[in-house]
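Have a look at the structure below before the remarks.
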Amino acid sequence: MTALERIVTTSVVPLDFTYNYRVGPYLENYIQGLGRKKILGSKCPDCGKVVVPPRKVCGLCNAIMDAEGLVECGPEGTVDNFTVGHVAVVKGLIEKLDVPQVLAMVVLDGASVPLLAELKGVEPSAVARGMKVKAVFRDPTENDLSDLSHFEPV
Amino acid sequence: MQRKVAVVAQKQINSADVGMPRERMLYELVKSLYEEVGISRDDIDTFVLCSNDFNAGHTISNVFEDCPVGAYMKDETKVEADGVWAATYALARILSGLYETALVVGNSQGGSVMRPYLMMDYQLAPVYDRQLGLLNELSAAGLQAHAFLAKKGLTPDTLDEIAARNLADAAKNPDAFNGKAGASAADVAATDMLYEPLRKGHCYPFTDGACALLIASEEKAKKLTDRPAWIRGVGDSIDTYYPERDVVDVKSVKLAGERAAAMAGIGLKDLDLVELSAKFAHQEPILLEGLGLPADGGAASVSPSGGAFGAYAFNAAGLVRIAECFKQLTGSAGDTQVEGAGYALAHGQDGLCMQHNAVMIMSSEEG
Ligand SMILES: [Zn+2]
């Protein structure tokens, strides 16, 4: 065997770290709100915009927002933008989906920025901007982000 | 600017699978540049490497790049973002007066080693978007493309035409690998649908790539070459996180372009060409609008090299755009040459839906 033939041309090196991040008080309150089937946002004291999910810094004007005193938004809203996914990206690789997945940017009633969520109960070809939709929660809730399951047409 | 600074030489390697480790790729690249210019590592005052720990798969990604580029025991620093930032950093180092020459070297191996879409997964908010699993580089691009077409009242045909033009241009560029001579909109429209309206044919190709630029002060540049390309202005801007930002009217591109033009003392409409890092077809007209140019570029030729469709290796990509501007301004762009190119703009991006944008304006005349 020559030296060249012994060369292993590719080594597969997975990196698989697990991080246990603290979500912080803003998202903590949001998740607990979902557990009560309520969608909470933070209202900016400077520009008055309501941002969902709540966070400390208003991305629109950089003002600091309070973790307490969150405002309730939705559960109904309007589709601002959407895409129909025919694939998923799993660990960086494209995988074809058997059933298309509609992803919608929903501006909840009372909110100023859209929330990205899955839209179900409608043919992908029938989805349109301006469509009225409402949040569907898992029942019973588990105090987890996934308590907000998806949206469906009103 | 306090001093005049120029790009003196460029070298690129772009491939779907370069077939060698990145250290070897960098060695071959930089050796060819040294030989062409007739210099050695002793002539480089500062090295600016541009690579990324996630892409390399280990910490301090530049640590094994020092030897192949000749930076060992020399002044060396690193940028993790796109190459335009690395070139800007090199410019700043020369402007400081402490250095006369800088070698900027960017690379990543998204063709054969790592998975480029993972890169964007790790830029997502870990406690929210990564938990939901809805956003990724392609779904975000699909949402941006849909928002763009809806706002402009356009059909996906526009995206097919943009991709086809870039692929055909890339076929004329020997430094690009993903060109397709005679590419048509129909070819692109026949590729797989990913996230509507985004098709596979609208996306940048996974690339193993590296690019080296030799940048020098006026005095040194004139000794090293008869045909430098002068750096006249730079600008960059970082916008807020997706999705609460307008991804069609991209403020950070506008700010970056305006800052660079003010520094160069020209108007953006004076540009003869722009080399854009449009990773997806719809990003080309979005970038042009941000720069205040018409959708066809107007007087400016748009990415005559084929842009990001010809090759897109993160970190190297922005340097490749500068290298293509250098080729144009020095009359060495071969079949892609824009006749009489006097002013050119190179663009680089990073982040979801072009959250960060940086540009560099260059000229053939010293100014
Ligand atoms: Zn605000």
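By order in the structure tokens, chains are A, B, ...; within a chain, residues start at 1; ligands start at 1, following the order shown.
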Could you produce a table of the residues of chain A lying within 10 Å of ligand 1, with the nearest pair of atoms per residue and their separation in Å rounded to one decimal, using only C-alpha atoms and all ligand atoms, ordered by chain and increasing residue number, as CSV?
residue,atom,partner,partner_atom_place_in_ligand_line,distance
A:Ser42,CA,ligand 1,1 (Zn),9.7
A:Lys43,CA,ligand 1,1 (Zn),7.9
A:Cys44,CA,ligand 1,1 (Zn),4.6
A:Pro45,CA,ligand 1,1 (Zn),6.8
A:Asp46,CA,ligand 1,1 (Zn),5.2
A:Cys47,CA,ligand 1,1 (Zn),4.1
A:Gly48,CA,ligand 1,1 (Zn),6.1
A:Lys49,CA,ligand 1,1 (Zn),5.7
A:Val50,CA,ligand 1,1 (Zn),8.1
A:Val51,CA,ligand 1,1 (Zn),8.6
A:Val57,CA,ligand 1,1 (Zn),7.9
A:Cys58,CA,ligand 1,1 (Zn),4.6
A:Gly59,CA,ligand 1,1 (Zn),6.7
A:Leu60,CA,ligand 1,1 (Zn),5.0
A:Cys61,CA,ligand 1,1 (Zn),4.1
A:Asn62,CA,ligand 1,1 (Zn),6.0
A:Ala63,CA,ligand 1,1 (Zn),5.4
A:Ile64,CA,ligand 1,1 (Zn),8.0
A:Met65,CA,ligand 1,1 (Zn),8.2
Residues from the last selection, N, CA, C and O atoms, saved as a PDB file, in the first residue's frame:
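Now in again.pdb:
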ATOM      1  N   SER A  42     -43.986  44.162  25.059  1.00  0.00           N
ATOM      2  CA  SER A  42     -43.585  45.325  25.851  1.00  0.00           C
ATOM      3  C   SER A  42     -43.862  46.595  25.076  1.00  0.00           C
ATOM      4  O   SER A  42     -43.641  46.658  23.870  1.00  0.00           O
ATOM      5  N   LYS A  43     -44.382  47.577  25.817  1.00  0.00           N
ATOM      6  CA  LYS A  43     -44.733  48.862  25.203  1.00  0.00           C
ATOM      7  C   LYS A  43     -43.586  49.825  25.445  1.00  0.00           C
ATOM      8  O   LYS A  43     -43.173  50.054  26.585  1.00  0.00           O
ATOM      9  N   CYS A  44     -43.072  50.398  24.355  1.00  0.00           N
ATOM     10  CA  CYS A  44     -41.928  51.296  24.466  1.00  0.00           C
ATOM     11  C   CYS A  44     -42.372  52.635  25.058  1.00  0.00           C
ATOM     12  O   CYS A  44     -43.309  53.262  24.554  1.00  0.00           O
ATOM     13  N   PRO A  45     -41.697  53.083  26.151  1.00  0.00           N
ATOM     14  CA  PRO A  45     -42.097  54.351  26.781  1.00  0.00           C
ATOM     15  C   PRO A  45     -41.782  55.559  25.890  1.00  0.00           C
ATOM     16  O   PRO A  45     -42.349  56.627  26.088  1.00  0.00           O
ATOM     17  N   ASP A  46     -40.887  55.387  24.931  1.00  0.00           N
ATOM     18  CA  ASP A  46     -40.485  56.520  24.091  1.00  0.00           C
ATOM     19  C   ASP A  46     -41.290  56.601  22.797  1.00  0.00           C
ATOM     20  O   ASP A  46     -41.921  57.617  22.503  1.00  0.00           O
ATOM     21  N   CYS A  47     -41.278  55.508  22.009  1.00  0.00           N
ATOM     22  CA  CYS A  47     -41.930  55.599  20.692  1.00  0.00           C
ATOM     23  C   CYS A  47     -43.343  55.019  20.719  1.00  0.00           C
ATOM     24  O   CYS A  47     -44.089  55.150  19.739  1.00  0.00           O
ATOM     25  N   GLY A  48     -43.707  54.374  21.839  1.00  0.00           N
ATOM     26  CA  GLY A  48     -45.082  53.895  21.989  1.00  0.00           C
ATOM     27  C   GLY A  48     -45.379  52.603  21.249  1.00  0.00           C
ATOM     28  O   GLY A  48     -46.484  52.073  21.326  1.00  0.00           O
ATOM     29  N   LYS A  49     -44.383  52.068  20.538  1.00  0.00           N
ATOM     30  CA  LYS A  49     -44.603  50.827  19.793  1.00  0.00           C
ATOM     31  C   LYS A  49     -44.664  49.640  20.761  1.00  0.00           C
ATOM     32  O   LYS A  49     -44.044  49.664  21.831  1.00  0.00           O
ATOM     33  N   VAL A  50     -45.425  48.629  20.367  1.00  0.00           N
ATOM     34  CA  VAL A  50     -45.543  47.427  21.195  1.00  0.00           C
ATOM     35  C   VAL A  50     -44.812  46.282  20.497  1.00  0.00           C
ATOM     36  O   VAL A  50     -45.119  45.943  19.344  1.00  0.00           O
ATOM     37  N   VAL A  51     -43.820  45.732  21.183  1.00  0.00           N
ATOM     38  CA  VAL A  51     -42.931  44.737  20.594  1.00  0.00           C
ATOM     39  C   VAL A  51     -43.229  43.353  21.187  1.00  0.00           C
ATOM     40  O   VAL A  51     -43.316  43.205  22.402  1.00  0.00           O
ATOM     41  N   VAL A  57     -34.686  46.139  25.172  1.00  0.00           N
ATOM     42  CA  VAL A  57     -34.386  47.307  24.341  1.00  0.00           C
ATOM     43  C   VAL A  57     -35.311  47.333  23.125  1.00  0.00           C
ATOM     44  O   VAL A  57     -35.462  46.337  22.425  1.00  0.00           O
ATOM     45  N   CYS A  58     -35.937  48.479  22.905  1.00  0.00           N
ATOM     46  CA  CYS A  58     -36.811  48.641  21.740  1.00  0.00           C
ATOM     47  C   CYS A  58     -35.929  48.689  20.483  1.00  0.00           C
ATOM     48  O   CYS A  58     -35.092  49.576  20.336  1.00  0.00           O
ATOM     49  N   GLY A  59     -36.123  47.717  19.602  1.00  0.00           N
ATOM     50  CA  GLY A  59     -35.320  47.671  18.382  1.00  0.00           C
ATOM     51  C   GLY A  59     -35.636  48.812  17.440  1.00  0.00           C
ATOM     52  O   GLY A  59     -34.900  49.065  16.488  1.00  0.00           O
ATOM     53  N   LEU A  60     -36.738  49.498  17.680  1.00  0.00           N
ATOM     54  CA  LEU A  60     -37.151  50.573  16.786  1.00  0.00           C
ATOM     55  C   LEU A  60     -36.536  51.914  17.181  1.00  0.00           C
ATOM     56  O   LEU A  60     -36.301  52.764  16.329  1.00  0.00           O
ATOM     57  N   CYS A  61     -36.295  52.110  18.503  1.00  0.00           N
ATOM     58  CA  CYS A  61     -35.763  53.423  18.922  1.00  0.00           C
ATOM     59  C   CYS A  61     -34.712  53.329  20.018  1.00  0.00           C
ATOM     60  O   CYS A  61     -34.235  54.357  20.503  1.00  0.00           O
ATOM     61  N   ASN A  62     -34.357  52.098  20.432  1.00  0.00           N
ATOM     62  CA  ASN A  62     -33.295  51.877  21.422  1.00  0.00           C
ATOM     63  C   ASN A  62     -33.652  52.272  22.856  1.00  0.00           C
ATOM     64  O   ASN A  62     -32.780  52.292  23.718  1.00  0.00           O
ATOM     65  N   ALA A  63     -34.912  52.592  23.143  1.00  0.00           N
ATOM     66  CA  ALA A  63     -35.282  52.935  24.518  1.00  0.00           C
ATOM     67  C   ALA A  63     -35.317  51.653  25.369  1.00  0.00           C
ATOM     68  O   ALA A  63     -35.489  50.557  24.850  1.00  0.00           O
ATOM     69  N   ILE A  64     -35.146  51.818  26.681  1.00  0.00           N
ATOM     70  CA  ILE A  64     -35.226  50.685  27.610  1.00  0.00           C
ATOM     71  C   ILE A  64     -36.686  50.493  28.010  1.00  0.00           C
ATOM     72  O   ILE A  64     -37.386  51.445  28.361  1.00  0.00           O
ATOM     73  N   MET A  65     -37.142  49.242  27.933  1.00  0.00           N
ATOM     74  CA  MET A  65     -38.538  48.934  28.268  1.00  0.00           C
ATOM     75  C   MET A  65     -38.562  48.117  29.556  1.00  0.00           C
ATOM     76  O   MET A  65     -37.598  47.438  29.894  1.00  0.00           O
TER      77      MET A  65
END
Quick one: which residues from chain B are at most 8 Å off chain A, using only C-alpha atoms, as number ranges by chain?
B: 57, 115-118, 121, 126-128, 131-132, 134, 136, 138-139, 142-143, 146-147, 193-197, 240-241, 243-245
Please run DSSP on the backbone and report, as JSON, numbers by chain, all residues within segment 70-145 of chain A that come out as helix (DSSP H, G or I).
{"A": [124, 125, 126, 145]}
Calculate how many Å separate atom CA of Val79 of chain B from atom CA of Ile60 of chain B, rounding to one decimal.
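It comes out at 10.8 Å.
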As a PDB file with C-alpha atoms, in the first residue's frame, please: the residues near Ala212 of chain B (cut-off 6 Å, only C-alpha atoms, same-chain neighbours under 6 positions excluded).
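Here's the written file selection07.pdb:
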ATOM      1  CA  GLN B  10      -5.382  40.254  -5.687  1.00  0.00           C
ATOM      2  CA  LYS B  11      -5.595  36.478  -5.865  1.00  0.00           C
ATOM      3  CA  VAL B 104      -5.692  40.707   3.871  1.00  0.00           C
ATOM      4  CA  VAL B 105      -6.609  37.029   3.551  1.00  0.00           C
TER       5      VAL B 105
END
Show me, as a PyMOL selection string, the residues that have an atom within 12 Å of Asn62 of chain B when counting only C-alpha atoms, minus same-chain residues fewer than 5 positions from it.
chain B and resi 22-23+26+47-57+67-69+71-72+76-80+105-108
Selection export as a tab-separated table (two decimals), in the first residue's frame, atoms kept: C-alpha atoms:
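Contents of the output file selection_7.tsv:
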chain	number	residue	atom	x	y	z
B	22	ARG	CA	-7.70	25.29	4.06
B	23	GLU	CA	-4.10	25.64	5.24
B	26	LEU	CA	-4.12	29.55	1.79
B	47	PHE	CA	-1.58	40.73	8.25
B	48	VAL	CA	-5.38	40.94	8.57
B	49	LEU	CA	-6.87	37.46	8.46
B	50	CYS	CA	-10.58	36.98	7.93
B	51	SER	CA	-12.09	33.70	9.04
B	52	ASN	CA	-14.62	32.47	11.50
B	53	ASP	CA	-14.46	30.04	14.42
B	54	PHE	CA	-17.84	28.49	13.54
B	55	ASN	CA	-16.81	27.99	9.92
B	56	ALA	CA	-13.46	26.51	10.86
B	57	GLY	CA	-14.98	24.35	13.60
B	67	CYS	CA	2.03	29.76	8.91
B	68	PRO	CA	0.59	29.18	5.42
B	69	VAL	CA	0.22	32.93	4.74
B	71	ALA	CA	2.32	35.70	9.24
B	72	TYR	CA	4.19	33.76	11.93
B	76	GLU	CA	-1.30	39.80	12.76
B	77	THR	CA	-4.94	40.39	13.60
B	78	LYS	CA	-8.30	38.88	12.65
B	79	VAL	CA	-11.83	39.76	11.55
B	80	GLU	CA	-14.70	37.25	11.95
B	105	VAL	CA	-6.61	37.03	3.55
B	106	GLY	CA	-10.13	35.64	3.95
B	107	ASN	CA	-11.35	32.09	3.62
B	108	SER	CA	-13.97	29.49	4.44
My list of candidates is A:Pro54, A:Ala126, A:Asp139, A:Gly110. Which is closest to Tyr30 of chain A when distances are computed with only C-alpha atoms?
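Smallest separation from Tyr30 of chain A among the options: A:Pro54.
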Of the candidates B:Ala229, B:Val253, B:Ala9, B:Leu352, which one gets nearest to Gln328 of chain B if we count only C-alpha atoms?
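Result for the nearest residue to Gln328 of chain B: B:Ala229.
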